>>> print(open('run_27.cif').read())   # mmCIF, C-alpha atoms and all ligand atoms
data_coords
#
loop_
_atom_site.label_atom_id
_atom_site.label_comp_id
_atom_site.auth_asym_id
_atom_site.auth_seq_id
_atom_site.Cartn_x
_atom_site.Cartn_y
_atom_site.Cartn_z
CA MET S 1 0.00 0.00 0.00
CA LYS S 2 1.44 3.41 -0.97
CA THR S 3 2.05 5.44 2.17
CA GLN S 4 1.36 9.15 1.88
CA LYS S 5 4.20 11.54 2.82
CA ALA S 6 3.33 13.34 6.04
CA VAL S 7 2.66 17.04 5.44
CA SER S 8 3.53 19.15 8.47
CA LEU S 9 1.53 22.22 9.44
CA THR S 10 4.54 24.47 8.83
CA GLN S 11 4.99 23.07 5.31
CA PHE S 12 1.26 23.44 4.63
CA ILE S 13 1.03 27.05 5.82
CA SER S 14 4.18 28.07 3.98
CA LYS S 15 2.78 26.61 0.75
CA GLN S 16 -0.63 28.23 1.39
CA GLN S 17 0.93 31.65 2.04
CA ALA S 18 3.54 31.48 -0.76
CA PRO S 19 1.41 32.88 -3.65
CA HIS S 20 0.53 36.03 -1.73
CA PRO S 21 2.66 39.02 -2.91
CA ASP S 22 2.90 40.57 0.55
CA THR S 23 3.92 37.31 2.25
CA THR S 24 6.75 37.93 4.71
CA GLY S 25 6.64 34.62 6.56
CA ASP S 26 5.55 36.40 9.74
CA LEU S 27 2.25 34.49 9.93
CA THR S 28 4.02 31.17 9.42
CA ARG S 29 6.39 32.03 12.26
CA LEU S 30 3.47 33.11 14.45
CA PHE S 31 1.84 29.73 13.89
CA GLN S 32 5.12 28.06 14.85
CA ASP S 33 5.03 30.00 18.13
CA ILE S 34 1.46 28.80 18.73
CA LEU S 35 2.44 25.20 17.88
CA LEU S 36 5.34 25.28 20.33
CA ALA S 37 3.06 26.32 23.19
CA ALA S 38 0.42 23.81 22.09
CA LYS S 39 2.93 20.95 22.26
CA ILE S 40 3.98 21.99 25.78
CA VAL S 41 0.37 22.33 26.96
CA ASN S 42 -0.41 18.97 25.35
CA ARG S 43 2.47 17.36 27.26
CA ASP S 44 1.21 18.78 30.57
CA VAL S 45 -2.46 18.00 29.90
CA ARG S 46 -1.48 14.39 29.10
CA LYS S 47 0.27 13.97 32.46
CA ALA S 48 -2.24 15.99 34.47
CA GLY S 49 -3.15 13.07 36.69
CA LEU S 50 0.48 12.24 37.44
CA VAL S 51 1.82 15.53 38.72
CA ASP S 52 0.39 18.23 40.90
CA ILE S 53 -1.31 20.33 38.22
CA LEU S 54 -4.88 19.23 38.69
CA GLY S 55 -7.25 21.18 40.82
CA THR S 56 -7.70 24.86 41.43
CA HIS S 57 -5.15 27.66 41.53
CA GLY S 58 -6.97 29.43 44.33
CA THR S 59 -7.77 32.53 42.23
CA THR S 60 -10.62 33.71 39.99
CA ASN S 61 -10.30 35.38 36.56
CA ILE S 62 -12.05 38.51 35.23
CA GLN S 63 -15.03 36.31 34.40
CA GLY S 64 -15.35 35.54 38.11
CA GLU S 65 -14.58 31.89 37.29
CA GLU S 66 -12.39 29.66 39.44
CA VAL S 67 -8.95 29.38 37.79
CA LYS S 68 -7.56 25.86 37.47
CA LYS S 69 -3.81 25.22 37.68
CA LEU S 70 -3.66 24.02 34.06
CA ASP S 71 -5.37 27.28 33.04
CA VAL S 72 -2.47 29.23 34.52
CA MET S 73 0.16 26.95 33.00
CA ALA S 74 -1.44 27.13 29.55
CA ASN S 75 -1.77 30.91 29.73
CA ASP S 76 1.87 31.29 30.76
CA GLU S 77 3.06 29.00 27.95
CA PHE S 78 1.15 30.79 25.17
CA ILE S 79 2.13 34.26 26.43
CA ALA S 80 5.79 33.19 26.64
CA ALA S 81 5.83 31.61 23.16
CA LEU S 82 4.04 34.55 21.53
CA SER S 83 6.17 37.14 23.34
CA LEU S 84 9.49 35.47 22.50
CA GLY S 85 8.53 34.81 18.89
CA GLY S 86 8.64 38.50 17.97
CA ASP S 87 5.74 38.41 15.48
CA CYS S 88 2.98 39.30 17.95
CA CYS S 89 2.56 42.86 19.22
CA ALA S 90 -0.32 42.25 21.65
CA ILE S 91 -2.22 39.43 23.31
CA LEU S 92 -5.80 39.43 24.58
CA SER S 93 -6.19 36.43 26.89
CA GLU S 94 -9.22 35.17 28.78
CA GLU S 95 -6.97 34.91 31.82
CA ASN S 96 -5.77 38.53 31.77
CA ASP S 97 -7.98 41.52 32.51
CA ASP S 98 -6.08 43.88 30.19
CA ILE S 99 -4.27 43.67 26.85
CA ILE S 100 -0.71 42.34 27.10
CA ARG S 101 1.45 44.65 24.96
CA VAL S 102 4.48 42.62 23.85
CA ALA S 103 7.74 44.56 24.09
CA ASN S 104 9.41 43.63 20.78
CA SER S 105 12.92 44.86 21.39
CA ASN S 106 14.07 42.70 18.49
CA LYS S 107 11.36 43.70 16.04
CA SER S 108 9.28 46.88 15.86
CA THR S 109 7.50 45.59 12.79
CA SER S 110 5.39 42.90 14.48
CA LYS S 111 1.84 43.46 13.32
CA TYR S 112 -0.24 40.56 14.66
CA ILE S 113 -2.61 40.62 17.61
CA VAL S 114 -3.66 37.28 19.13
CA ALA S 115 -6.87 36.83 21.09
CA ILE S 116 -6.75 33.55 22.98
CA ASP S 117 -8.61 31.27 25.35
CA PRO S 118 -5.58 29.29 26.54
CA LEU S 119 -7.55 26.39 27.95
CA ASP S 120 -11.27 26.30 27.23
CA GLY S 121 -13.45 23.77 29.00
CA SER S 122 -11.31 23.95 32.11
CA SER S 123 -14.19 22.70 34.26
CA ASN S 124 -13.58 19.36 32.50
CA ILE S 125 -9.86 19.19 33.33
CA ASP S 126 -10.23 16.95 36.38
CA VAL S 127 -12.62 14.48 34.72
CA ASN S 128 -10.47 13.79 31.65
CA ALA S 129 -12.95 15.21 29.13
CA SER S 130 -11.62 16.93 26.00
CA ILE S 131 -10.45 20.52 26.50
CA GLY S 132 -8.69 22.92 24.18
CA THR S 133 -7.13 26.22 23.14
CA ILE S 134 -8.93 28.71 20.89
CA PHE S 135 -7.13 31.56 19.09
CA SER S 136 -7.95 34.42 16.76
CA ILE S 137 -5.40 36.53 14.83
CA PHE S 138 -5.81 40.13 13.63
CA SER S 139 -3.48 42.61 11.98
CA ARG S 140 -3.02 45.81 13.98
CA LEU S 141 -4.68 48.96 12.56
CA SER S 142 -2.28 51.48 14.11
CA PRO S 143 1.24 52.00 12.68
CA THR S 144 3.81 49.31 13.52
CA GLY S 145 6.20 50.44 16.22
CA SER S 146 3.58 52.63 17.93
CA GLU S 147 1.77 51.54 21.09
CA VAL S 148 -0.99 49.02 20.38
CA THR S 149 -4.40 50.63 20.93
CA LEU S 150 -7.68 49.30 22.28
CA GLU S 151 -9.13 49.78 18.79
CA ASP S 152 -6.40 47.47 17.43
CA CYS S 153 -7.82 44.74 19.68
CA LEU S 154 -11.56 45.47 19.41
CA GLN S 155 -11.92 44.55 15.74
CA LYS S 156 -14.99 42.76 14.38
CA GLY S 157 -14.67 39.11 13.44
CA ARG S 158 -14.75 39.87 9.70
CA ASN S 159 -11.24 41.36 10.12
CA GLN S 160 -9.67 38.13 11.36
CA ILE S 161 -6.52 37.07 9.48
CA ALA S 162 -6.65 33.55 10.92
CA ALA S 163 -8.40 31.50 13.59
CA GLY S 164 -7.98 28.04 15.02
CA TYR S 165 -8.24 25.68 17.93
CA ILE S 166 -6.21 22.85 19.42
CA ILE S 167 -8.31 20.05 20.94
CA TYR S 168 -6.58 17.91 23.57
CA GLY S 169 -8.80 14.87 23.12
CA SER S 170 -8.31 11.18 22.28
CA SER S 171 -5.76 12.66 19.89
CA THR S 172 -4.41 16.20 19.80
CA MET S 173 -5.57 18.12 16.75
CA LEU S 174 -5.16 21.62 15.42
CA VAL S 175 -7.92 22.95 13.17
CA TYR S 176 -7.42 26.36 11.55
CA THR S 177 -8.34 28.73 8.74
CA THR S 178 -6.62 31.72 7.13
CA GLY S 179 -9.67 32.37 4.95
CA GLN S 180 -8.71 29.68 2.43
CA GLY S 181 -10.81 26.84 3.81
CA VAL S 182 -10.42 24.76 6.97
CA ASN S 183 -7.77 22.10 7.52
CA GLY S 184 -7.07 19.74 10.42
CA PHE S 185 -3.72 18.45 11.64
CA THR S 186 -3.12 15.64 14.11
CA LEU S 187 -0.11 15.64 16.42
CA ASP S 188 2.24 12.73 15.72
CA SER S 189 4.07 12.65 19.04
CA SER S 190 6.68 10.26 17.65
CA ILE S 191 8.04 13.06 15.45
CA GLY S 192 6.65 16.06 17.38
CA GLU S 193 4.81 17.38 14.32
CA PHE S 194 1.22 18.29 13.56
CA CYS S 195 0.53 16.42 10.30
CA LEU S 196 -2.29 17.04 7.82
CA SER S 197 -5.06 14.56 8.64
CA HIS S 198 -8.32 16.37 7.74
CA PRO S 199 -7.83 18.38 4.51
CA ASN S 200 -10.52 20.86 3.39
CA ILE S 201 -13.04 20.23 6.18
CA LYS S 202 -16.67 20.99 5.22
CA ILE S 203 -19.49 20.89 7.78
CA PRO S 204 -22.63 19.08 6.50
CA LYS S 205 -25.42 21.54 5.62
CA ASP S 206 -27.76 19.46 7.81
CA GLY S 207 -27.22 17.36 10.90
CA SER S 208 -29.11 15.45 13.55
CA ILE S 209 -27.29 16.56 16.71
CA TYR S 210 -28.27 19.48 18.91
CA SER S 211 -26.00 20.61 21.71
CA ILE S 212 -27.31 22.89 24.48
CA ASN S 213 -27.35 22.80 28.29
CA GLU S 214 -31.04 22.03 28.78
CA GLY S 215 -30.51 22.29 32.53
CA ASN S 216 -30.82 26.05 32.00
CA SER S 217 -34.10 25.81 30.06
CA CYS S 218 -36.11 27.56 32.79
CA ASP S 219 -33.94 30.62 32.09
CA PHE S 220 -34.07 30.38 28.27
CA PRO S 221 -36.08 32.75 26.06
CA GLN S 222 -39.27 31.07 24.85
CA GLY S 223 -37.92 30.92 21.31
CA VAL S 224 -34.99 28.75 22.43
CA ASN S 225 -37.30 26.32 24.22
CA ASP S 226 -39.51 26.25 21.12
CA TYR S 227 -36.45 25.24 19.06
CA ILE S 228 -35.55 22.52 21.58
CA SER S 229 -39.14 21.19 21.23
CA PHE S 230 -38.68 21.24 17.44
CA CYS S 231 -35.51 19.13 17.84
CA LYS S 232 -37.46 16.57 19.89
CA GLU S 233 -40.41 16.19 17.50
CA SER S 234 -40.71 12.93 15.55
CA ASP S 235 -40.33 13.53 11.80
CA ASP S 236 -38.51 10.93 9.67
CA ALA S 237 -38.20 13.30 6.71
CA THR S 238 -35.95 15.63 8.74
CA SER S 239 -34.24 12.93 10.86
CA ARG S 240 -35.99 14.13 14.01
CA PRO S 241 -35.93 13.67 16.93
CA TYR S 242 -32.31 14.81 16.85
CA SER S 243 -29.75 13.35 19.25
CA ALA S 244 -28.81 15.48 22.26
CA ARG S 245 -25.06 15.71 22.86
CA TYR S 246 -23.52 18.14 25.37
CA ILE S 247 -19.97 17.70 26.63
CA GLY S 248 -19.75 21.07 28.37
CA SER S 249 -16.58 21.92 26.47
CA LEU S 250 -17.17 24.28 23.54
CA ILE S 251 -14.25 22.95 21.53
CA ALA S 252 -15.36 19.31 21.91
CA ASP S 253 -19.00 20.04 21.07
CA PHE S 254 -18.00 22.27 18.15
CA HIS S 255 -15.43 19.82 16.74
CA ARG S 256 -17.94 16.94 16.73
CA ASN S 257 -20.53 19.08 14.93
CA LEU S 258 -17.93 20.37 12.45
CA LEU S 259 -17.14 16.83 11.34
CA LYS S 260 -20.61 15.22 11.68
CA GLY S 261 -23.03 18.13 11.32
CA GLY S 262 -25.10 19.61 14.13
CA ILE S 263 -25.86 22.78 16.05
CA PHE S 264 -24.43 24.15 19.29
CA ILE S 265 -26.33 26.84 21.18
CA TYR S 266 -25.32 28.88 24.20
CA PRO S 267 -28.14 31.45 24.30
CA ALA S 268 -28.86 34.50 26.37
CA THR S 269 -30.58 33.54 29.63
CA THR S 270 -32.30 35.54 32.34
CA LYS S 271 -29.16 35.07 34.48
CA SER S 272 -26.72 35.77 31.61
CA PRO S 273 -28.46 38.26 29.28
CA ASN S 274 -25.49 38.13 26.85
CA GLY S 275 -24.88 34.41 27.16
CA LYS S 276 -21.67 32.96 28.60
CA LEU S 277 -19.21 32.68 25.72
CA ARG S 278 -16.76 35.46 24.89
CA LEU S 279 -16.84 37.19 21.53
CA MET S 280 -13.15 37.86 20.91
CA TYR S 281 -11.54 34.51 21.73
CA GLU S 282 -14.36 31.97 21.57
CA CYS S 283 -17.21 33.05 19.29
CA ASN S 284 -15.30 34.99 16.60
CA PRO S 285 -12.66 32.31 15.90
CA MET S 286 -15.26 29.53 15.87
CA ALA S 287 -17.48 31.63 13.59
CA PHE S 288 -14.59 32.19 11.12
CA ILE S 289 -13.84 28.46 11.06
CA VAL S 290 -17.45 27.35 10.67
CA GLU S 291 -18.18 29.87 7.87
CA GLN S 292 -15.03 28.79 6.02
CA ALA S 293 -16.28 25.19 6.37
CA GLY S 294 -19.70 26.14 4.92
CA GLY S 295 -21.60 26.56 8.19
CA LYS S 296 -23.06 29.55 10.04
CA ALA S 297 -22.64 31.40 13.34
CA SER S 298 -24.99 34.00 14.81
CA THR S 299 -26.38 35.35 18.05
CA GLY S 300 -29.71 33.90 16.94
CA LEU S 301 -30.44 37.29 15.39
CA ASN S 302 -27.17 38.71 13.96
CA ASN S 303 -24.07 37.19 12.36
CA ILE S 304 -21.30 36.83 14.96
CA MET S 305 -18.54 38.27 12.77
CA ASP S 306 -20.47 41.48 12.06
CA ILE S 307 -20.62 42.45 15.75
CA ILE S 308 -18.56 45.56 16.57
CA PRO S 309 -16.86 44.67 19.89
CA GLU S 310 -17.24 47.13 22.76
CA GLN S 311 -15.33 45.34 25.53
CA LEU S 312 -12.33 42.98 25.55
CA HIS S 313 -14.17 40.21 27.42
CA GLN S 314 -17.59 40.84 25.94
CA ARG S 315 -20.04 37.91 25.97
CA VAL S 316 -22.51 37.16 23.18
CA PRO S 317 -25.14 34.45 22.60
CA LEU S 318 -23.96 31.76 20.17
CA PHE S 319 -25.87 29.63 17.63
CA ILE S 320 -23.26 27.80 15.53
CA GLY S 321 -23.03 24.79 13.21
CA SER S 322 -24.70 23.37 10.09
CA GLU S 323 -26.10 26.18 7.97
CA ASN S 324 -29.62 24.81 7.56
CA MET S 325 -29.90 23.97 11.27
CA VAL S 326 -28.77 27.46 12.33
CA ASN S 327 -31.22 29.02 9.85
CA LYS S 328 -34.09 26.96 11.33
CA ALA S 329 -33.06 27.78 14.90
CA GLU S 330 -32.93 31.50 14.02
CA GLU S 331 -36.39 31.28 12.41
CA ILE S 332 -37.97 29.73 15.51
CA TYR S 333 -35.96 31.71 18.11
CA SER S 334 -36.48 35.11 16.47
CA ALA S 335 -40.26 34.69 16.77
CA LYS S 336 -39.94 34.82 20.59
CA PRO S 337 -36.41 36.11 21.45
CA ILE S 338 -37.36 37.21 24.97
P1 LIG S 401 -22.21 25.42 31.05
C1 LIG S 401 -16.46 25.80 29.55
O1 LIG S 401 -16.39 26.34 30.87
C2 LIG S 401 -17.27 26.76 28.70
O2 LIG S 401 -16.70 28.03 28.69
C3 LIG S 401 -17.40 26.21 27.28
O3 LIG S 401 -16.29 25.50 26.88
C4 LIG S 401 -18.65 25.36 27.38
O4 LIG S 401 -19.33 25.22 26.15
C5 LIG S 401 -19.50 26.14 28.39
O5 LIG S 401 -18.60 26.86 29.22
C6 LIG S 401 -20.33 25.23 29.27
O6 LIG S 401 -21.10 26.07 30.10
O7 LIG S 401 -22.92 26.62 31.66
O8 LIG S 401 -23.16 24.62 30.17
O9 LIG S 401 -21.50 24.57 32.06
#
>>> encode(input="run_27.cif", output="structure tokens")
Amino acid sequence: MKTQKAVSLTQFISKQQAPHPDTTGDLTRLFQDILLAAKIVNRDVRKAGLVDILGTHGTTNIQGEEVKKLDVMANDEFIAALSLGGDCCAILSEENDDIIRVANSNKSTSKYIVAIDPLDGSSNIDVNASIGTIFSIFSRLSPTGSEVTLEDCLQKGRNQIAAGYIIYGSSTMLVYTTGQGVNGFTLDSSIGEFCLSHPNIKIPKDGSIYSINEGNSCDFPQGVNDYISFCKESDDATSRPYSARYIGSLIADFHRNLLKGGIFIYPATTKSPNGKLRLMYECNPMAFIVEQAGGKASTGLNNIMDIIPEQLHQRVPLFIGSENMVNKAEEIYSAKPI
């Protein structure tokens, strides 16, 4: 049997970027910085049960959420890799209240801003469920060499240069887009490389999986509960009732739906009027990926990537997945959005 030559992520990105006239190689190097941190986080996630990195760190982040030790480790690793790499001028992290302006003594031309959730799904760390890192990359608007501004960081999702996630699951995968489709790479630990395993990912236009925390249904708008009822109706022609799947880790629920088709919803609730998920480093990157794969992402009313951000850690409701399923959910939800 002819074995295919492994294609590494670095090779793939370099080839993908090559035709562009203004290619400098900066983005390829930035991805290498992200990959380095991802490999270190992967190593520590894989041994979490063996060394003292499980459990809480004894602090809470700006979201008021308990910070887990692996959260801190992951945040430190990504900040260190991005800062040392020299191609990133600022970092917006879930774990840091303010923007981290990277002092690029070696390079005043760094133009990329990275918004990152270093370890999403952290509540699943101690129970060995899949967790992951989500990142979004913008080009700064202000002149290189000047101080990075808040406006540089509060750009709408349509401006993203790239977005991706690393899922630390049964295997470790990186899925990303630079606006030229979506590709998945699986970490081959024997050679320490992420190798192309899922070329040109496309999400099915329809699916039969819905993913939402129904435990919150008493706090959902009526339109959301009406959509859940729609999912549960029996109709062979539309493969209903759908299957309910909810891991409680955005990356894991999203990744399953990306490959199999489905919809994930984290709506506004009476307790969380803007939902729970953050626009800049959860919803925007996932929206870029899903649109590039042929899916859709909205608040239930407006497209995620058209939202003009107002705050660094802004939350928005999220309806994301197969295009036809999101359209149907929007149709039912928008009738009773309160
Ligand atoms: P809930 C994990 O803490 C997270 O931020 C996402 O990864 C996940 O989809 C969501 O929260 C789960 O929230 O309220 O259903 O536990």
>>> residues_around(input="run_27.cif", residues="Gly85 in chain S", least_positions_apart="6", cutoff="12 Å", atoms="all atoms listed in the file", output="ChimeraX atom specification")
/S:26-37,78-79,102-107,110,112
>>> closest_residue(input="run_27.cif", among="S:Glu214, S:Asp236, S:Glu94, S:Glu310", to="Thr269 in chain S", atoms="all atoms listed in the file")
S:Glu214
>>> closest_residue(input="run_27.cif", among="S:Val182, S:Leu258, S:Ala80, S:Ala252", to="Leu196 in chain S", atoms="all atoms listed in the file")
S:Val182
>>> closest_atom_pairs(input="run_27.cif", of="chain S", to="ligand LIG 401 (chain S)", cutoff="9 Å", atoms="all atoms listed in the file", output="Markdown table")
| residue | atom | partner | partner_atom | distance |
| --- | --- | --- | --- | --- |
| S:Glu65 | CA | S:LIG401 | O1 | 8.7 |
| S:Leu119 | CA | S:LIG401 | O3 | 8.9 |
| S:Asp120 | CA | S:LIG401 | O3 | 5.1 |
| S:Gly121 | CA | S:LIG401 | C1 | 3.7 |
| S:Ser122 | CA | S:LIG401 | O1 | 5.7 |
| S:Ser123 | CA | S:LIG401 | O1 | 5.4 |
| S:Asn124 | CA | S:LIG401 | C1 | 7.6 |
| S:Ile131 | CA | S:LIG401 | O3 | 7.7 |
| S:Gly132 | CA | S:LIG401 | O3 | 8.5 |
| S:Ile212 | CA | S:LIG401 | O8 | 7.3 |
| S:Asn213 | CA | S:LIG401 | O8 | 4.9 |
| S:Glu214 | CA | S:LIG401 | O8 | 8.4 |
| S:Gly215 | CA | S:LIG401 | O8 | 8.1 |
| S:Asn216 | CA | S:LIG401 | O7 | 7.9 |
| S:Tyr246 | CA | S:LIG401 | O8 | 8.1 |
| S:Ile247 | CA | S:LIG401 | O4 | 7.6 |
| S:Gly248 | CA | S:LIG401 | C6 | 4.3 |
| S:Ser249 | CA | S:LIG401 | O3 | 3.6 |
| S:Leu250 | CA | S:LIG401 | O4 | 3.5 |
| S:Ile251 | CA | S:LIG401 | O3 | 6.3 |
| S:Ala252 | CA | S:LIG401 | O3 | 8.0 |
| S:Asp253 | CA | S:LIG401 | O4 | 7.3 |
| S:Phe254 | CA | S:LIG401 | O4 | 8.6 |
| S:Phe264 | CA | S:LIG401 | O4 | 8.6 |
| S:Ile265 | CA | S:LIG401 | O4 | 8.7 |
| S:Tyr266 | CA | S:LIG401 | O4 | 7.3 |
| S:Lys276 | CA | S:LIG401 | O5 | 6.9 |
| S:Leu277 | CA | S:LIG401 | O2 | 6.1 |
| S:Arg278 | CA | S:LIG401 | O2 | 8.3 |
| S:Glu282 | CA | S:LIG401 | O2 | 8.5 |
>>> write_last_selection(input="run_27.cif", atoms="C-alpha atoms", output="compact mmCIF listing (two decimals), in the coordinates of the input")
# COMPACT_ATOMS: atom_id res chain seq x y z
CA GLU S 65 -14.58 31.89 37.29
CA LEU S 119 -7.55 26.39 27.95
CA ASP S 120 -11.27 26.30 27.23
CA GLY S 121 -13.45 23.77 29.00
CA SER S 122 -11.31 23.95 32.11
CA SER S 123 -14.19 22.70 34.26
CA ASN S 124 -13.58 19.36 32.50
CA ILE S 131 -10.45 20.52 26.50
CA GLY S 132 -8.69 22.92 24.18
CA ILE S 212 -27.31 22.89 24.48
CA ASN S 213 -27.35 22.80 28.29
CA GLU S 214 -31.04 22.03 28.78
CA GLY S 215 -30.51 22.29 32.53
CA ASN S 216 -30.82 26.05 32.00
CA TYR S 246 -23.52 18.14 25.37
CA ILE S 247 -19.97 17.70 26.63
CA GLY S 248 -19.75 21.07 28.37
CA SER S 249 -16.58 21.92 26.47
CA LEU S 250 -17.17 24.28 23.54
CA ILE S 251 -14.25 22.95 21.53
CA ALA S 252 -15.36 19.31 21.91
CA ASP S 253 -19.00 20.04 21.07
CA PHE S 254 -18.00 22.27 18.15
CA PHE S 264 -24.43 24.15 19.29
CA ILE S 265 -26.33 26.84 21.18
CA TYR S 266 -25.32 28.88 24.20
CA LYS S 276 -21.67 32.96 28.60
CA LEU S 277 -19.21 32.68 25.72
CA ARG S 278 -16.76 35.46 24.89
CA GLU S 282 -14.36 31.97 21.57
>>> residues_around(input="run_27.cif", residues="Met173 in chain S", least_positions_apart="3", cutoff="9 Å", atoms="all atoms listed in the file", output="list of chain:residue names")
S:Tyr165, S:Ile166, S:Ile167, S:Tyr168, S:Gly169, S:Gly184, S:Phe185, S:Thr186, S:Leu187, S:Phe194, S:Ser197
>>> residues_around(input="run_27.cif", residues="Ile99 in chain S", least_positions_apart="3", cutoff="7 Å", atoms="only C-alpha atoms", output="PDB file with C-alpha atoms, in the frame of the given file")
ATOM      1  CA  ALA S  90      -0.320  42.250  21.650  1.00  0.00           C
ATOM      2  CA  ILE S  91      -2.220  39.430  23.310  1.00  0.00           C
ATOM      3  CA  LEU S  92      -5.800  39.430  24.580  1.00  0.00           C
TER       4      LEU S  92
END
>>> residues_near_point(input="run_27.cif", point="(-23.0, 21.3, 8.7)", cutoff="7 Å", atoms="all atoms listed in the file", output="PyMOL selection string")
chain S and resi 203-207+258+261-262+294-295+321-323
>>> write_last_selection(input="run_27.cif", atoms="C-alpha atoms", output="mmCIF file, in the coordinates of the input")
data_model
loop_
_atom_site.group_PDB
_atom_site.id
_atom_site.type_symbol
_atom_site.label_atom_id
_atom_site.label_comp_id
_atom_site.auth_asym_id
_atom_site.auth_seq_id
_atom_site.Cartn_x
_atom_site.Cartn_y
_atom_site.Cartn_z
ATOM 1 C CA ILE S 203 -19.490 20.890 7.780
ATOM 2 C CA PRO S 204 -22.630 19.080 6.500
ATOM 3 C CA LYS S 205 -25.420 21.540 5.620
ATOM 4 C CA ASP S 206 -27.760 19.460 7.810
ATOM 5 C CA GLY S 207 -27.220 17.360 10.900
ATOM 6 C CA LEU S 258 -17.930 20.370 12.450
ATOM 7 C CA GLY S 261 -23.030 18.130 11.320
ATOM 8 C CA GLY S 262 -25.100 19.610 14.130
ATOM 9 C CA GLY S 294 -19.700 26.140 4.920
ATOM 10 C CA GLY S 295 -21.600 26.560 8.190
ATOM 11 C CA GLY S 321 -23.030 24.790 13.210
ATOM 12 C CA SER S 322 -24.700 23.370 10.090
ATOM 13 C CA GLU S 323 -26.100 26.180 7.970
#
